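First the structure, in the form of structure tokens, and then the observations on it.
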Amino acid sequence: MAADVHGGVASDERDVRIIRRALVISPSFFGYEHAIADAIRDAGIETYFLDERPSNSPLARALLRAAPGVTRPWAATYFRQARSRLESLDLDFILVIKGESTPRSFLEDLRRDHPRAVVTYYAYDSLVESAGYANLEGLVDVPLSFDRQDVAQSDSLGYLPLFYTSEFSPQAPEAARSHEVAFIGTVNPERYAVARALSIEFPSSFVHLYAPARWYVPMQKVRSARFRSIDTRHVSTAKLPRSAVAEAFRQSRVVVDQQKAGQGGLTMRTFEAIASGAALVTSNSSILAEQFYDSDRIAVVPHDDPAATTEAVRAMLASGAAATPPASFSAYSIHSWVTDILSLVTASPARTSHTRGPGGRQR
């Protein structure tokens, strides 16, 4: 069944599902998981949320990823109790996001308990970095990814980019912006080098490098010489709330974004920066394939080149790029993102087995 984001999914009316109850299974990622659940509720759907991690402490997260055997009994109890709570809900739609810590057996149980539910999977990380889809493949009706590279190499994945939330609306075009440039992200050696260059070159910059725990950078220095250049005085363990990120972007003329090495998908920062009316300097060349790409407000730079990044920021500042989002950029809002997914779910045919074909390719 062909999918068209702007025109909806072509479907016979008799095939359209009615979605009354939904479950979102997701890791905690800066509150976006709850924003997604809220956007589904805004569509009139009774929505439940399950964190796929039994705990979000830095130590627990590290163990769940690096030593799953150690945490397996604990996780098994957590998911067994979750299944018991969910069993009577009669779900119509299950959205699994990332799925790195979701046991395959748990999703099998949910499919048995809720045989009418359409299971959708969404990856916001490269499949090379996360084994979530590989572990759950064959149990998913509508598999989607934010990464064009992964989609191109898969027979089943459909493409759906990320989104921005409502906090990232721009100021009035004539309003002054107090920062020349903003750069916010989780620390790694490449980002650290760019952040230091921006802080030195642009005195009014807003730079925030985040580490999930105080021991994170010291531990990485032991594991990899690449981290030894990082001075922890320039790294914070305080998470910026989304409202603070939005305010920083609204107050910045340019936002710099640098994706992880080897990741082709556009980050959330990409959409947030553009929605806030800032110009964007990014190291992700995948943006060249997007409909909203505009060289007047978006510059692509090499991944590991602080000098090229600062030069691109200077050029954007000198150009006086428009302080408003592109026309029709609302197509990338979180509510449009949810609508895109729901259009695929409502058009999904009745399940006949535990294995479904590919989801629709998006945008």
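In the structure tokens, each chain is lettered A, B, ... as it comes, each chain's residues begin at 1, and ligands are numbered from 1 in order of appearance.
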
If we count only C-alpha atoms and set the cut-off at 7 Å, which residues sit around range 252-266 of chain A, ignoring sequence neighbours fewer than 5 positions away in its own chain? Please answer as JSON, numbers by chain. {"A": [126, 146, 147, 148, 149, 161, 177, 178, 179, 180, 181, 182, 183, 191, 273, 278, 279, 280, 281, 282, 283, 284, 286, 287, 313]}

Requested write-out: C-alpha atoms of the selected residues, as an mmCIF file, in the first residue's frame:
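Here's the written file result_8.cif:
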```
data_model
loop_
_atom_site.group_PDB
_atom_site.id
_atom_site.type_symbol
_atom_site.label_atom_id
_atom_site.label_comp_id
_atom_site.auth_asym_id
_atom_site.auth_seq_id
_atom_site.Cartn_x
_atom_site.Cartn_y
_atom_site.Cartn_z
ATOM 1 C CA SER A 126 21.597 4.118 13.051
ATOM 2 C CA PHE A 146 15.069 8.291 10.381
ATOM 3 C CA ASP A 147 18.151 7.213 8.422
ATOM 4 C CA ARG A 148 18.022 7.173 4.611
ATOM 5 C CA GLN A 149 21.159 5.029 4.481
ATOM 6 C CA PRO A 161 12.576 11.855 9.519
ATOM 7 C CA ARG A 177 18.876 37.562 18.965
ATOM 8 C CA SER A 178 21.404 37.689 21.794
ATOM 9 C CA HIS A 179 23.648 34.789 20.677
ATOM 10 C CA GLU A 180 25.631 34.646 17.467
ATOM 11 C CA VAL A 181 25.679 30.856 17.582
ATOM 12 C CA ALA A 182 24.405 27.965 19.719
ATOM 13 C CA PHE A 183 25.818 24.453 20.019
ATOM 14 C CA ARG A 191 31.917 17.868 19.315
ATOM 15 C CA ALA A 273 17.063 24.809 14.753
ATOM 16 C CA ALA A 278 17.977 30.097 13.081
ATOM 17 C CA ALA A 279 20.377 29.379 10.249
ATOM 18 C CA LEU A 280 21.919 25.901 10.470
ATOM 19 C CA VAL A 281 25.496 24.680 10.096
ATOM 20 C CA THR A 282 25.557 20.876 10.053
ATOM 21 C CA SER A 283 28.037 18.106 9.390
ATOM 22 C CA ASN A 284 25.311 15.841 7.996
ATOM 23 C CA SER A 286 22.057 13.851 4.159
ATOM 24 C CA ILE A 287 20.247 17.158 4.521
ATOM 25 C CA VAL A 313 29.095 30.305 10.951
#
```

For Lys221 in chain A, find every residue with an atom within 12 Å (counting only C-alpha atoms), except residues of its own chain fewer than 4 positions away, and show them as number ranges by chain. A: 188-189, 215-217, 225-232

Using N, CA and C atoms, can you export the residues from the last selection as a PDB file, in the first residue's frame?
```pdb
ATOM      1  N   ASN A 188      31.419  14.321  22.787  1.00  0.00           N
ATOM      2  CA  ASN A 188      32.356  13.356  22.217  1.00  0.00           C
ATOM      3  C   ASN A 188      33.551  14.173  21.726  1.00  0.00           C
ATOM      4  N   PRO A 189      34.658  13.549  21.333  1.00  0.00           N
ATOM      5  CA  PRO A 189      35.855  14.333  20.979  1.00  0.00           C
ATOM      6  C   PRO A 189      35.634  15.325  19.845  1.00  0.00           C
ATOM      7  N   TRP A 215      31.395  10.426  35.909  1.00  0.00           N
ATOM      8  CA  TRP A 215      32.425   9.433  35.596  1.00  0.00           C
ATOM      9  C   TRP A 215      32.495   9.121  34.104  1.00  0.00           C
ATOM     10  N   TYR A 216      31.569   9.662  33.316  1.00  0.00           N
ATOM     11  CA  TYR A 216      31.497   9.278  31.904  1.00  0.00           C
ATOM     12  C   TYR A 216      32.773   9.641  31.141  1.00  0.00           C
ATOM     13  N   VAL A 217      33.198  10.909  31.202  1.00  0.00           N
ATOM     14  CA  VAL A 217      34.388  11.317  30.445  1.00  0.00           C
ATOM     15  C   VAL A 217      35.645  10.640  30.983  1.00  0.00           C
ATOM     16  N   ALA A 225      41.954   6.893  23.720  1.00  0.00           N
ATOM     17  CA  ALA A 225      42.838   8.062  23.756  1.00  0.00           C
ATOM     18  C   ALA A 225      42.174   9.284  23.135  1.00  0.00           C
ATOM     19  N   ARG A 226      41.169   9.084  22.283  1.00  0.00           N
ATOM     20  CA  ARG A 226      40.493  10.202  21.619  1.00  0.00           C
ATOM     21  C   ARG A 226      39.851  11.151  22.625  1.00  0.00           C
ATOM     22  N   PHE A 227      39.459  10.645  23.792  1.00  0.00           N
ATOM     23  CA  PHE A 227      38.772  11.464  24.782  1.00  0.00           C
ATOM     24  C   PHE A 227      39.728  12.252  25.678  1.00  0.00           C
ATOM     25  N   ARG A 228      41.025  12.000  25.565  1.00  0.00           N
ATOM     26  CA  ARG A 228      41.954  12.609  26.522  1.00  0.00           C
ATOM     27  C   ARG A 228      42.136  14.099  26.333  1.00  0.00           C
ATOM     28  N   SER A 229      41.696  14.633  25.207  1.00  0.00           N
ATOM     29  CA  SER A 229      41.782  16.081  24.989  1.00  0.00           C
ATOM     30  C   SER A 229      40.643  16.840  25.660  1.00  0.00           C
ATOM     31  N   ILE A 230      39.662  16.133  26.194  1.00  0.00           N
ATOM     32  CA  ILE A 230      38.476  16.785  26.755  1.00  0.00           C
ATOM     33  C   ILE A 230      38.745  17.257  28.179  1.00  0.00           C
ATOM     34  N   ASP A 231      38.573  18.535  28.396  1.00  0.00           N
ATOM     35  CA  ASP A 231      38.683  19.139  29.722  1.00  0.00           C
ATOM     36  C   ASP A 231      37.287  19.146  30.339  1.00  0.00           C
ATOM     37  N   THR A 232      37.118  18.404  31.419  1.00  0.00           N
ATOM     38  CA  THR A 232      35.784  18.246  32.005  1.00  0.00           C
ATOM     39  C   THR A 232      35.225  19.555  32.569  1.00  0.00           C
TER      40      THR A 232
END
```

At a cut-off of 7 Å, using only C-alpha atoms, what residues contact Ile94 in chain A? Leave out same-chain residues fewer than 6 positions from it and give the result as a compact mmCIF listing (two decimals) with N, CA and C atoms, in the first residue's frame.
```
# COMPACT_ATOMS: atom_id res chain seq x y z
N ALA A 22 -3.58 3.16 22.45
CA ALA A 22 -2.21 3.00 21.95
C ALA A 22 -1.25 2.82 23.12
N LEU A 23 -0.16 2.15 22.82
CA LEU A 23 0.94 1.99 23.78
C LEU A 23 2.22 2.46 23.12
N VAL A 24 2.95 3.34 23.79
CA VAL A 24 4.27 3.77 23.34
C VAL A 24 5.31 3.12 24.23
N ALA A 117 -3.76 -5.30 17.39
CA ALA A 117 -2.87 -4.13 17.44
C ALA A 117 -1.87 -4.15 16.29
N VAL A 118 -1.69 -2.99 15.66
CA VAL A 118 -0.65 -2.82 14.65
C VAL A 118 0.62 -2.39 15.36
N VAL A 119 1.69 -3.12 15.14
CA VAL A 119 2.97 -2.82 15.78
C VAL A 119 3.83 -2.00 14.82
N THR A 120 4.20 -0.81 15.26
CA THR A 120 5.07 0.07 14.48
C THR A 120 6.39 0.21 15.21
```

Using CA of Ala197 in chain A and CA of Pro302 in chain A as the two end points, give the distance in Å to one decimal.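 Computed distance, CA of Ala197 in chain A to CA of Pro302 in chain A, equals 14.6 Å.
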
Of the residues A:Tyr332, A:Trp337, A:Phe249, A:Tyr78, which is the one nearest to Glu167 in chain A, using only C-alpha atoms?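 Looking only at the distances to Glu167 in chain A, the closest residue turns out to be A:Phe249.
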
Which residues come within 12 Å of Ala327 in chain A, counting only C-alpha atoms, excluding same-chain residues fewer than 4 positions away, as a ChimeraX atom specification? /A:274-275,277,291-294,322,331-332

Could you save those same residues with C-alpha atoms as a JSON list (two decimals), in the first residue's frame?
```json
[["chain", "number", "residue", "atom", "x", "y", "z"],
["A", 274, "ILE", "CA", 15.20, 25.42, 11.50],
["A", 275, "ALA", "CA", 11.81, 25.66, 13.24],
["A", 277, "GLY", "CA", 14.21, 30.48, 12.66],
["A", 291, "GLN", "CA", 12.86, 19.12, 0.36],
["A", 292, "PHE", "CA", 13.51, 21.95, 2.82],
["A", 293, "TYR", "CA", 17.24, 22.26, 2.05],
["A", 294, "ASP", "CA", 18.14, 25.86, 1.22],
["A", 322, "ALA", "CA", 16.03, 34.99, 7.23],
["A", 331, "ALA", "CA", 5.08, 19.34, 7.95],
["A", 332, "TYR", "CA", 7.97, 18.42, 10.28]]
```

Between CA of Pro170 in chain A and CA of Val194 in chain A - distance in Å to one decimal: 25.2 Å

Distance query Ala82 in chain A at most 12 Å, only C-alpha atoms, self and fewer than 4 positions along chain excluded, as a VMD selection string: chain A and resid 23 25 48 to 54 75 to 78 86 to 89 102 106 to 107 109 to 110

Could you find all residues in range 163-337 of chain A that DSSP calls strand (DSSP E) from the backbone, and write them as an MDAnalysis selection string? chainID A and resid 179:186 206:210 252:257 279:282 298:300

Could the residues in this selection be written to a file with C-alpha atoms, as a PDB file, in the first residue's frame?
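The file below, result-v7.pdb, is the result:
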```pdb
ATOM      1  CA  HIS A 179      23.648  34.789  20.677  1.00  0.00           C
ATOM      2  CA  GLU A 180      25.631  34.646  17.467  1.00  0.00           C
ATOM      3  CA  VAL A 181      25.679  30.856  17.582  1.00  0.00           C
ATOM      4  CA  ALA A 182      24.405  27.965  19.719  1.00  0.00           C
ATOM      5  CA  PHE A 183      25.818  24.453  20.019  1.00  0.00           C
ATOM      6  CA  ILE A 184      24.191  21.882  22.305  1.00  0.00           C
ATOM      7  CA  GLY A 185      24.930  18.166  22.392  1.00  0.00           C
ATOM      8  CA  THR A 186      26.228  15.111  24.207  1.00  0.00           C
ATOM      9  CA  PHE A 206      25.758  29.547  23.748  1.00  0.00           C
ATOM     10  CA  VAL A 207      27.593  26.232  24.155  1.00  0.00           C
ATOM     11  CA  HIS A 208      26.428  23.303  26.282  1.00  0.00           C
ATOM     12  CA  LEU A 209      28.185  19.932  26.165  1.00  0.00           C
ATOM     13  CA  TYR A 210      26.436  17.241  28.194  1.00  0.00           C
ATOM     14  CA  SER A 252      20.648  32.442  18.327  1.00  0.00           C
ATOM     15  CA  ARG A 253      21.254  33.566  14.766  1.00  0.00           C
ATOM     16  CA  VAL A 254      23.002  30.286  13.879  1.00  0.00           C
ATOM     17  CA  VAL A 255      22.785  26.778  15.351  1.00  0.00           C
ATOM     18  CA  VAL A 256      25.563  24.235  14.815  1.00  0.00           C
ATOM     19  CA  ASP A 257      24.699  20.534  14.758  1.00  0.00           C
ATOM     20  CA  ALA A 279      20.377  29.379  10.249  1.00  0.00           C
ATOM     21  CA  LEU A 280      21.919  25.901  10.470  1.00  0.00           C
ATOM     22  CA  VAL A 281      25.496  24.680  10.096  1.00  0.00           C
ATOM     23  CA  THR A 282      25.557  20.876  10.053  1.00  0.00           C
ATOM     24  CA  ILE A 298      21.769  25.738   5.704  1.00  0.00           C
ATOM     25  CA  ALA A 299      25.512  25.060   5.353  1.00  0.00           C
ATOM     26  CA  VAL A 300      27.090  21.593   5.266  1.00  0.00           C
TER      27      VAL A 300
END
```

Find, counting only C-alpha atoms, the residue in A:Ser243, A:Val301, A:Tyr164, A:Tyr133 that gets nearest to Ser330 in chain A.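 Going through A:Ser243, A:Val301, A:Tyr164, A:Tyr133 one by one, the smallest distance to Ser330 in chain A is for A:Tyr164.
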
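The shortest atom-to-atom distance to Ala323 in chain A, with only C-alpha atoms taken into account, belongs to A:Gln171 out of A:Ser130, A:Gln171, A:Ser26, A:Ser57.
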
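Closest approach to Arg72 in chain A from the set A:Asn56, A:Ser101, A:Pro326, A:Thr310 is made by A:Ser101, with distances taken over only C-alpha atoms.
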